[in-house]
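Q: Here you go, one structure.
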Amino acid sequence: MPFLLDAEQRAFADSLDAMLAAADTPSAVRDWSRGEHGRGRALWSRIAEAGVFALAVPEAYEGLGPRPVELAVAFMELGRHVVPGPLVETVTAAILLADLPDPGPAKRLLPALATGELMATLAWTAPYALDGDAAGTHLAFTAQGLHLSPGHGPVRRSLDPARRLAPLEPGGELLSPDPPTAQALAYARLTTAAQALGVGLALLDKTVAYVKQRTQFGVPIGSFQAVKHRLADAKIALEFARPLLFGAALTMAPADVAAAKVTACEAAYATARTALQLHGAIGYTAEYELSLWLTKARALRTAWGSPDACRAEVLSSDRPWR
Amino acid sequence: MDVTHCAADEAFRAEARAWLRAHVPPDPLPSLETGEGFAAHRAWEAELAADRWSVVNWPAAYGGRDATLVRWLLFEEEYYAAGAPGRVNQNGVSLLAPTLFDHGTEEQRARVLPPMATGEVVWAQAWSEPEAGSDLASLKSRARRVAGGWLLSGQKTWSSRAAFADRAFGLFRTDPDAPKPHQGLTYLMFDLRAPGVTVRPIARLDGKPAFAELFLDEVFAPDEDVIGEPGQGWRIAMSTAGNERGLMLRSPGRFLASADRLHRLWQAQGSPQSMKNRVADALIGARAYQLFTFAAASRFLDGESIGPESSLNKVFWSEYDIALHETALDLLGPEGELTDTDWSERYVFSLAGTVYAGTNEIQRDIIAERLLGLPKGRR
């Protein structure tokens with residue numbers, strides 16, 4: 001205690017928020033969804049310059065990390081602005097590589113991940129890797145262990161246009177027959193939870209703004225109790241996910257991380273449903289920008305651990321919080 | 001940013017744990033909502049108070065330990081983890097005492113607080129009336145000025161444990177000509193055994209007399225039992241509603257202990273997969289509530305006011321509490337409908353939580369209007 005972000009952490013969040021708000025991230029997502037990575041890569045460089053990827057890379061490999069609280073702060077902002085790209089995957093790959101018994105791959109790859117020159121992706125808990133066509137490093141798990149995959153297969157579309165999914169090609173250099181994975185999975189879940197919470201908070205803000213200006217029956221629809229109460233419930237769900245996220249970042253205990261993942265993703269998804277309902281038909285269109293947040297909330301729910309898998313993790317410790 | 005506690009706070013926790021281990025009754029006391037149980041719980045408060053554990057966050061002068069908000073939270077975690085009894089003086093401690101600290105006189109604090117701390121005087125609230133529930137400011141009970149005090153007349157209802165309590169506090173209309181309903185109200189304390197008071201117990205869902213109606217016919221309350229200025233009752237009653245009291249109405253320790261008991265029950269029933277997610281959600285919800293409260297307490301100690309945020313807290317715990325107990329009864333299967341179990345007692349208690357202390361509909365209006373900035377509309 002105190003269980004509060006310090007001034008420096010808040011300033012870090014504010015500076016990322018300001019930088020991303022000015023960057024027209026929705027246009028970058030539209031390009032990205034067509035496989036045009038130019039704007040997305042430019043955005044990636046600026047995020048790297050702000051130090052975000054270095055937070056996942058140990059100092060021994062020219063990074064600043066790992067710093068889970070700052071990663072959570074950063075990923076909330078990345079989610080809030082629907083930044084495209086293998087963000088969680090690059091962090092997860094960095095942790096995975098740093099934890100390998102053989103320091104060779106880490107020495108080779110981590111400095112470039114920290115500076116943003118290199119994007120990484122990996123196929124691990126899902127059969128697809130995110131943004132395999134953009135990433136320069138592809139990590140794949142097989143029965144033999146962790147491989148550096150030679151490349152990716154055909155891209156399939158996610159409901160979230162920012163997410164381009166592709167299987168990884170078999171073979172390639174075997175990095176480790178038995179890599180330690182617990183930390184990497186925890187970072188994947190933590191950053192996904194943070195990203196989802198950012199998505200949910202943005203959805204709430206956008207919907208509150210919409211119901212204040214949308215008028216029916218001569219009054220703003222936000223004055224109707226049925227509308228207010230749905231938004232109040234979204235607010236409650238998001239505000240109770242937030243402390244779980246930062247508690248998890250502080251302990252990095254598997255039960256805390258799983259609790260944060262399921263709670264943040266369910267809160268964001270519930271907020272997306274409310275946002276869709278309260279926007280009415282316009283919210284159901286792909287053209288309207290809201291769709292970028294709505295579809296991401298759905299995709300993140302099952303990325304890096306389904307709600308069921310996360311709840312099972314909580315129950316796997318006999319007394320998780322006693 | 002940190003979720004751990006300093007060594008001095010952990011030492012305080014250890015001291016509380018050791019005392020509770022030596023004193024908590026091995027078997028549960030009879031139901032708090034019965035005459036016998038009320039007396040047993042009152043005796044337990046005296047035992048707590050004898051070693052200054054009944055109101056740890058109060059000043060030592062009134063029987064407390066000057067514990068910080070953080071230490072109070074740690075005490076509560078230990079208290080409920082130890083399986084200690086429910087608190088019979090909850091209404092006085094969480095509603096009246098903060099009001100006296102903020103608005104009472106030194107004489108009132110010295111007179112009212114020590115016997116509240118020992119359970120010698122147990123307080124009931126007298127807010128609601130038959131026609132004034134969520135719209136509390138429309139209340140009609142009157143207090144008429146007489147020499148040396150006020151004569152209270154009218155009807156109050158849903159007064160928790162008033163069937164067994166000693167004294168009550170509430171709002172009374174002292175200026176019927178005030179231009180607005182929330183003006184002209186006065187915050188008063190009165191004796192439930194004074195001439196003119198009739199207490200009619202009301203059986204809650206399971207038949208236990210958990211609350212009561214109060215009929216007041218020219219009940220005398222002396223001037224020293226007015227809190228704050230006459231006519232300022234609404235402002236006084238509301239001013240403490242949003243501060244740390246919102247944090248202290250239900251401590252996270254209570255839900256951490258309940259979730260742990262539910263987890264044990266699930267395991268004892270063979271860890272049925274069909275109930276896995278509901279049990280996990282109970283564990284996660286208790287952790288979320290604990291961490292939310294740590295964050296709110298940290299902001300409060302940093303000088304921020306809590307305000308309408310306490311509405312988030314109230315909706316969360318009250319709905320969480322019901323869900324947890326529904327899960328327990330479902331796990332118990334056919335046993336779940338029996339009323340003589342601790343789970344049944346707690347389930348019935350939980351059902352009232354979404355109604356009292358401001359209905360959850362009112363809380364959602366507050367969240368929407370004051371936290372999200374949505375326009376006021378017809379309710």
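Labels for the structure tokens follow display order: chains A, B, ..., residues from 1 in each chain, ligands from 1.
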Only residues of chain A matter here; which ones have an atom within 6 Å of chain B, counting only C-alpha atoms? Give them as a PyMOL selection string.
A: chain A and resi 1-5+222-223+228-229+232+236+240+243-244+259+311
Q: Mind writing the picked residues with C-alpha atoms as a CSV table (one decimal), in the first residue's frame?
A:
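What ended up in again29.csv:
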```csv
chain,number,residue,atom,x,y,z
A,1,MET,CA,0.0,0.0,0.0
A,2,PRO,CA,-0.8,2.6,-1.3
A,3,PHE,CA,-2.4,0.6,-4.1
A,4,LEU,CA,-2.3,3.5,-6.6
A,5,LEU,CA,-0.4,4.3,-9.7
A,222,GLY,CA,-29.2,9.0,-22.0
A,223,SER,CA,-32.0,10.4,-19.8
A,228,LYS,CA,-28.6,4.7,-17.7
A,229,HIS,CA,-28.7,1.4,-15.9
A,232,ALA,CA,-24.0,1.9,-14.9
A,236,ILE,CA,-19.3,-1.3,-12.4
A,240,PHE,CA,-13.9,-3.8,-10.6
A,243,PRO,CA,-7.9,-3.3,-9.5
A,244,LEU,CA,-7.7,-7.0,-10.5
A,259,ALA,CA,-8.7,-13.6,-12.6
A,311,ARG,CA,-11.6,-19.8,-14.1
```
Q: Contacts of Leu95 in chain B at 10 Å or less, counting only C-alpha atoms, minus same-chain residues fewer than 3 places along, as a ChimeraX atom specification?
A: /B:90-92,98-100,123-125,169,237,240-241,245-246,248-249,357
Q: Which residues in range 151-191 of chain A does DSSP call strand (DSSP E)? List them as a ChimeraX atom specification.
A: /A:156-157,164-166,173-176
Q: Excluding Tyr210 in chain A and any residue of its chain fewer than 6 positions from it, enumerate the residues within 9 Å of it, using only C-alpha atoms, and give them as a list in words.
A: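 After dropping sequence-adjacent residues, the list is Ile221, Gly222, Leu278 and His279 of chain A.
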Q: Taking into account only C-alpha atoms, which residue in the set B:Leu214, B:Leu331, B:Ile202, B:Ala268 is nearest to Ala168 in chain B?
A: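 Looking only at the distances to Ala168 in chain B, the closest residue turns out to be B:Leu214.
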Q: Excluding Gln277 in chain A and its own-chain neighbours fewer than 2 positions away, which residues fall within 12 Å of it when counting only C-alpha atoms? Please give them as a PyMOL selection string.
A: chain A and resi 203+207+210-211+226-227+230-231+270-275+279-284+290+294
Q: With C-alpha atoms retained, could you export that selection as an mmCIF file, in the first residue's frame?
A:
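Result saved to again20.cif:
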```
data_model
loop_
_atom_site.group_PDB
_atom_site.id
_atom_site.type_symbol
_atom_site.label_atom_id
_atom_site.label_comp_id
_atom_site.auth_asym_id
_atom_site.auth_seq_id
_atom_site.Cartn_x
_atom_site.Cartn_y
_atom_site.Cartn_z
ATOM 1 C CA LEU A 203 -16.458 1.711 -25.538
ATOM 2 C CA THR A 207 -21.385 5.213 -25.747
ATOM 3 C CA TYR A 210 -23.458 9.022 -28.009
ATOM 4 C CA VAL A 211 -26.451 8.689 -25.659
ATOM 5 C CA ALA A 226 -33.186 1.739 -19.023
ATOM 6 C CA VAL A 227 -30.224 3.276 -20.858
ATOM 7 C CA ARG A 230 -27.041 -0.567 -18.659
ATOM 8 C CA LEU A 231 -24.228 1.970 -18.699
ATOM 9 C CA ALA A 270 -20.350 -6.888 -21.775
ATOM 10 C CA THR A 271 -19.590 -3.222 -22.429
ATOM 11 C CA ALA A 272 -19.359 -3.989 -26.149
ATOM 12 C CA ARG A 273 -22.807 -5.572 -26.075
ATOM 13 C CA THR A 274 -24.178 -2.528 -24.277
ATOM 14 C CA ALA A 275 -22.419 -0.191 -26.712
ATOM 15 C CA HIS A 279 -25.920 2.789 -30.605
ATOM 16 C CA GLY A 280 -28.713 0.976 -32.379
ATOM 17 C CA ALA A 281 -28.383 0.080 -36.062
ATOM 18 C CA ILE A 282 -25.448 2.405 -36.752
ATOM 19 C CA GLY A 283 -23.376 0.383 -34.270
ATOM 20 C CA TYR A 284 -23.985 -2.749 -36.335
ATOM 21 C CA LEU A 290 -17.189 1.741 -33.166
ATOM 22 C CA LEU A 294 -16.715 -3.968 -30.635
#
```
Q: Which residue, A:His138, A:Asp308, A:Glu49, A:Gly153, has the smallest gap to Ala114 in chain A when you use only C-alpha atoms?
A: A:Glu49
Q: Can you pull out the residues contacting Val73 in chain A? Cut-off 8 Å, using only C-alpha atoms, and skip same-chain residues under 2 positions away; I want them as a list in words.
A: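 Counting only C-alpha atoms, the residues come to Gln9, Phe12, Ala13, Val69, Glu70, Leu71, Phe75, Met76, Glu77 and Ala194 of chain A.
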Q: Using only N, CA and C atoms, please write the residues we just selected to a file, as an mmCIF file, in the first residue's frame.
A:
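File written: result.cif
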```
data_model
loop_
_atom_site.group_PDB
_atom_site.id
_atom_site.type_symbol
_atom_site.label_atom_id
_atom_site.label_comp_id
_atom_site.auth_asym_id
_atom_site.auth_seq_id
_atom_site.Cartn_x
_atom_site.Cartn_y
_atom_site.Cartn_z
ATOM 1 N N GLN A 9 3.858 6.875 -13.412
ATOM 2 C CA GLN A 9 3.050 5.891 -14.158
ATOM 3 C C GLN A 9 1.832 6.557 -14.793
ATOM 4 N N PHE A 12 3.000 8.504 -17.766
ATOM 5 C CA PHE A 12 3.292 7.581 -18.870
ATOM 6 C C PHE A 12 1.998 7.249 -19.618
ATOM 7 N N ALA A 13 0.940 6.935 -18.869
ATOM 8 C CA ALA A 13 -0.363 6.641 -19.483
ATOM 9 C C ALA A 13 -0.873 7.846 -20.266
ATOM 10 N N VAL A 69 3.722 -3.721 -14.178
ATOM 11 C CA VAL A 69 2.756 -2.645 -13.907
ATOM 12 C C VAL A 69 2.760 -1.649 -15.061
ATOM 13 N N GLU A 70 3.969 -1.283 -15.519
ATOM 14 C CA GLU A 70 4.056 -0.321 -16.620
ATOM 15 C C GLU A 70 3.518 -0.938 -17.915
ATOM 16 N N LEU A 71 3.734 -2.241 -18.086
ATOM 17 C CA LEU A 71 3.152 -2.904 -19.267
ATOM 18 C C LEU A 71 1.621 -2.835 -19.217
ATOM 19 N N PHE A 75 -0.594 -1.133 -22.053
ATOM 20 C CA PHE A 75 -1.538 -1.914 -22.851
ATOM 21 C C PHE A 75 -2.978 -1.438 -22.697
ATOM 22 N N MET A 76 -3.302 -0.841 -21.558
ATOM 23 C CA MET A 76 -4.627 -0.214 -21.464
ATOM 24 C C MET A 76 -4.765 0.873 -22.527
ATOM 25 N N GLU A 77 -3.705 1.650 -22.717
ATOM 26 C CA GLU A 77 -3.772 2.732 -23.716
ATOM 27 C C GLU A 77 -3.783 2.161 -25.135
ATOM 28 N N ALA A 194 -5.145 -6.110 -19.960
ATOM 29 C CA ALA A 194 -4.999 -4.653 -19.973
ATOM 30 C C ALA A 194 -5.554 -4.064 -21.267
#
```
Q: So which residues touch Pro209 in chain B within 10 Å, counting only C-alpha atoms, skipping near sequence neighbours fewer than 2 positions away, as a list in words?
A: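 Listing them by chain and then by number gives Leu32, Glu33, Thr34, Gly35, Ser160, Arg161, Ala162, Ala163, Phe164, Arg200, Pro201, Ile202, Ala203, Arg204, Leu205, Asp206, Gly207, Phe211 and Ala212 of chain B.
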Q: Give me a file of those residues, with N, CA and C atoms, as a PDB file, in the first residue's frame.
A:
```
ATOM      1  N   LEU B  32     -28.833 -14.113  14.919  1.00  0.00           N
ATOM      2  CA  LEU B  32     -28.879 -12.726  15.377  1.00  0.00           C
ATOM      3  C   LEU B  32     -30.289 -12.152  15.315  1.00  0.00           C
ATOM      4  N   GLU B  33     -31.120 -12.740  14.507  1.00  0.00           N
ATOM      5  CA  GLU B  33     -32.475 -12.207  14.291  1.00  0.00           C
ATOM      6  C   GLU B  33     -33.490 -12.796  15.265  1.00  0.00           C
ATOM      7  N   THR B  34     -33.015 -13.396  16.349  1.00  0.00           N
ATOM      8  CA  THR B  34     -33.921 -13.914  17.379  1.00  0.00           C
ATOM      9  C   THR B  34     -33.539 -13.295  18.721  1.00  0.00           C
ATOM     10  N   GLY B  35     -34.445 -13.319  19.682  1.00  0.00           N
ATOM     11  CA  GLY B  35     -34.166 -12.736  20.991  1.00  0.00           C
ATOM     12  C   GLY B  35     -32.955 -13.373  21.647  1.00  0.00           C
ATOM     13  N   SER B 160     -34.241  -2.250  11.075  1.00  0.00           N
ATOM     14  CA  SER B 160     -33.558  -3.525  11.313  1.00  0.00           C
ATOM     15  C   SER B 160     -33.300  -3.760  12.800  1.00  0.00           C
ATOM     16  N   ARG B 161     -33.687  -4.906  13.269  1.00  0.00           N
ATOM     17  CA  ARG B 161     -33.454  -5.366  14.648  1.00  0.00           C
ATOM     18  C   ARG B 161     -34.044  -4.460  15.717  1.00  0.00           C
ATOM     19  N   ALA B 162     -34.997  -3.607  15.315  1.00  0.00           N
ATOM     20  CA  ALA B 162     -35.609  -2.717  16.307  1.00  0.00           C
ATOM     21  C   ALA B 162     -36.408  -3.510  17.342  1.00  0.00           C
ATOM     22  N   ALA B 163     -36.775  -4.734  16.993  1.00  0.00           N
ATOM     23  CA  ALA B 163     -37.515  -5.547  17.963  1.00  0.00           C
ATOM     24  C   ALA B 163     -36.696  -5.768  19.225  1.00  0.00           C
ATOM     25  N   PHE B 164     -35.363  -5.738  19.088  1.00  0.00           N
ATOM     26  CA  PHE B 164     -34.508  -6.035  20.246  1.00  0.00           C
ATOM     27  C   PHE B 164     -33.611  -4.864  20.649  1.00  0.00           C
ATOM     28  N   ARG B 200     -43.565  -2.913  16.572  1.00  0.00           N
ATOM     29  CA  ARG B 200     -44.232  -4.123  16.083  1.00  0.00           C
ATOM     30  C   ARG B 200     -43.246  -4.878  15.199  1.00  0.00           C
ATOM     31  N   PRO B 201     -42.721  -6.021  15.706  1.00  0.00           N
ATOM     32  CA  PRO B 201     -41.756  -6.772  14.911  1.00  0.00           C
ATOM     33  C   PRO B 201     -42.370  -7.232  13.589  1.00  0.00           C
ATOM     34  N   ILE B 202     -41.538  -7.280  12.558  1.00  0.00           N
ATOM     35  CA  ILE B 202     -41.965  -7.780  11.246  1.00  0.00           C
ATOM     36  C   ILE B 202     -41.117  -9.004  10.927  1.00  0.00           C
ATOM     37  N   ALA B 203     -41.785 -10.083  10.528  1.00  0.00           N
ATOM     38  CA  ALA B 203     -41.062 -11.293  10.165  1.00  0.00           C
ATOM     39  C   ALA B 203     -40.530 -11.143   8.741  1.00  0.00           C
ATOM     40  N   ARG B 204     -39.244 -11.389   8.571  1.00  0.00           N
ATOM     41  CA  ARG B 204     -38.695 -11.366   7.209  1.00  0.00           C
ATOM     42  C   ARG B 204     -39.038 -12.696   6.526  1.00  0.00           C
ATOM     43  N   LEU B 205     -38.492 -12.921   5.304  1.00  0.00           N
ATOM     44  CA  LEU B 205     -38.884 -14.079   4.488  1.00  0.00           C
ATOM     45  C   LEU B 205     -38.877 -15.405   5.229  1.00  0.00           C
ATOM     46  N   ASP B 206     -37.884 -15.616   6.099  1.00  0.00           N
ATOM     47  CA  ASP B 206     -37.801 -16.912   6.781  1.00  0.00           C
ATOM     48  C   ASP B 206     -38.536 -16.910   8.123  1.00  0.00           C
ATOM     49  N   GLY B 207     -39.321 -15.847   8.373  1.00  0.00           N
ATOM     50  CA  GLY B 207     -40.135 -15.824   9.577  1.00  0.00           C
ATOM     51  C   GLY B 207     -39.473 -15.199  10.779  1.00  0.00           C
ATOM     52  N   PHE B 211     -36.768  -7.220  11.451  1.00  0.00           N
ATOM     53  CA  PHE B 211     -36.994  -5.771  11.478  1.00  0.00           C
ATOM     54  C   PHE B 211     -38.353  -5.460  12.106  1.00  0.00           C
ATOM     55  N   ALA B 212     -38.689  -4.173  12.150  1.00  0.00           N
ATOM     56  CA  ALA B 212     -39.895  -3.796  12.896  1.00  0.00           C
ATOM     57  C   ALA B 212     -40.460  -2.486  12.371  1.00  0.00           C
TER      58      ALA B 212
END
```
Q: Looking at B:Val88, B:Ala178, B:Leu216, B:Ala210, which one is nearest to Gly154 in chain B, with distances taken over only C-alpha atoms?
A: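 The shortest atom-to-atom distance to Gly154 in chain B comes from B:Leu216.
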Q: Using the chain letters and numbers from this document, which residues of range 11-235 of chain B does DSSP assign to helix (DSSP H, G or I), as a ChimeraX atom specification?
A: /B:11-23,35-50,60-62,69-81,90-103,106-118,136-138,223-225,233-235
Q: Quick one: distance from CA of His23 in chain B to CA of Ala43 in chain B in Å, one decimal?
A: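 That distance, rounded to one decimal, is 12.4 Å.
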Q: Need the shell around Leu197 in chain A: protein/DNA/RNA residues with any atom at most 8 Å away, counting only C-alpha atoms. Skip same-chain ones fewer than 5 positions apart. Format as a list in words?
A: Met76, Gly79, Arg80, Leu238, Ala241, Arg242, Ala264, Cys265, Ala267 and Ala268 of chain A
Q: Can I get the selected residues back with N, CA and C atoms, as a short mmCIF file (atom, residue, chain, number, x, y, z; two decimals), in the first residue's frame?
A:
```cif
data_model
loop_
_atom_site.label_atom_id
_atom_site.label_comp_id
_atom_site.auth_asym_id
_atom_site.auth_seq_id
_atom_site.Cartn_x
_atom_site.Cartn_y
_atom_site.Cartn_z
N MET A 76 -3.30 -0.84 -21.56
CA MET A 76 -4.63 -0.21 -21.46
C MET A 76 -4.76 0.87 -22.53
N GLY A 79 -5.06 -0.62 -26.02
CA GLY A 79 -6.42 -1.11 -26.21
C GLY A 79 -7.42 0.02 -26.41
N ARG A 80 -7.25 1.07 -25.63
CA ARG A 80 -8.16 2.22 -25.71
C ARG A 80 -8.17 2.80 -27.13
N LEU A 238 -16.29 -2.65 -15.37
CA LEU A 238 -14.94 -2.19 -15.74
C LEU A 238 -14.15 -1.72 -14.52
N ALA A 241 -12.77 -4.59 -12.66
CA ALA A 241 -11.70 -5.30 -13.36
C ALA A 241 -10.37 -4.58 -13.19
N ARG A 242 -10.41 -3.27 -13.10
CA ARG A 242 -9.18 -2.47 -13.03
C ARG A 242 -8.28 -2.88 -11.85
N ALA A 264 -11.48 -8.76 -16.89
CA ALA A 264 -11.34 -7.62 -17.81
C ALA A 264 -11.98 -7.95 -19.16
N CYS A 265 -11.77 -9.18 -19.64
CA CYS A 265 -12.31 -9.53 -20.96
C CYS A 265 -13.83 -9.63 -20.92
N ALA A 267 -15.77 -7.99 -18.81
CA ALA A 267 -16.28 -6.62 -18.63
C ALA A 267 -16.25 -5.88 -19.97
N ALA A 268 -15.17 -6.05 -20.71
CA ALA A 268 -15.06 -5.36 -22.00
C ALA A 268 -16.11 -5.88 -22.97
#
```
Q: Pick out the closest residue to Ala48 in chain A from this set: A:Ala202, A:Val91, A:Leu146, A:Ala60. Count only C-alpha atoms.
A: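 That would be A:Val91, the residue with the smallest distance to Ala48 in chain A.
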Q: Can you work out the spacing between CA of Leu190 in chain A and CA of Pro86 in chain A in Å, to one decimal?
A: 14.7 Å
Q: Rounded to one decimal in Å, what is the spacing between CA of Ala93 in chain A and CA of Ala188 in chain A?
A: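 CA of Ala93 in chain A sits 9.0 Å away from CA of Ala188 in chain A.
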Q: Determine the nearest neighbour of Met252 in chain A from the options A:Tyr187, A:Trp44, A:Arg157, A:Thr137, counting only C-alpha atoms.
A: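 Smallest separation from Met252 in chain A among the options: A:Tyr187.
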Q: Considering only C-alpha atoms, state which residue in the set B:Ser251, B:Thr339, B:Gln269, B:Ser344 is at the smallest distance from Glu78 in chain B.
A: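 Distance minimum relative to Glu78 in chain B lands on B:Ser251.
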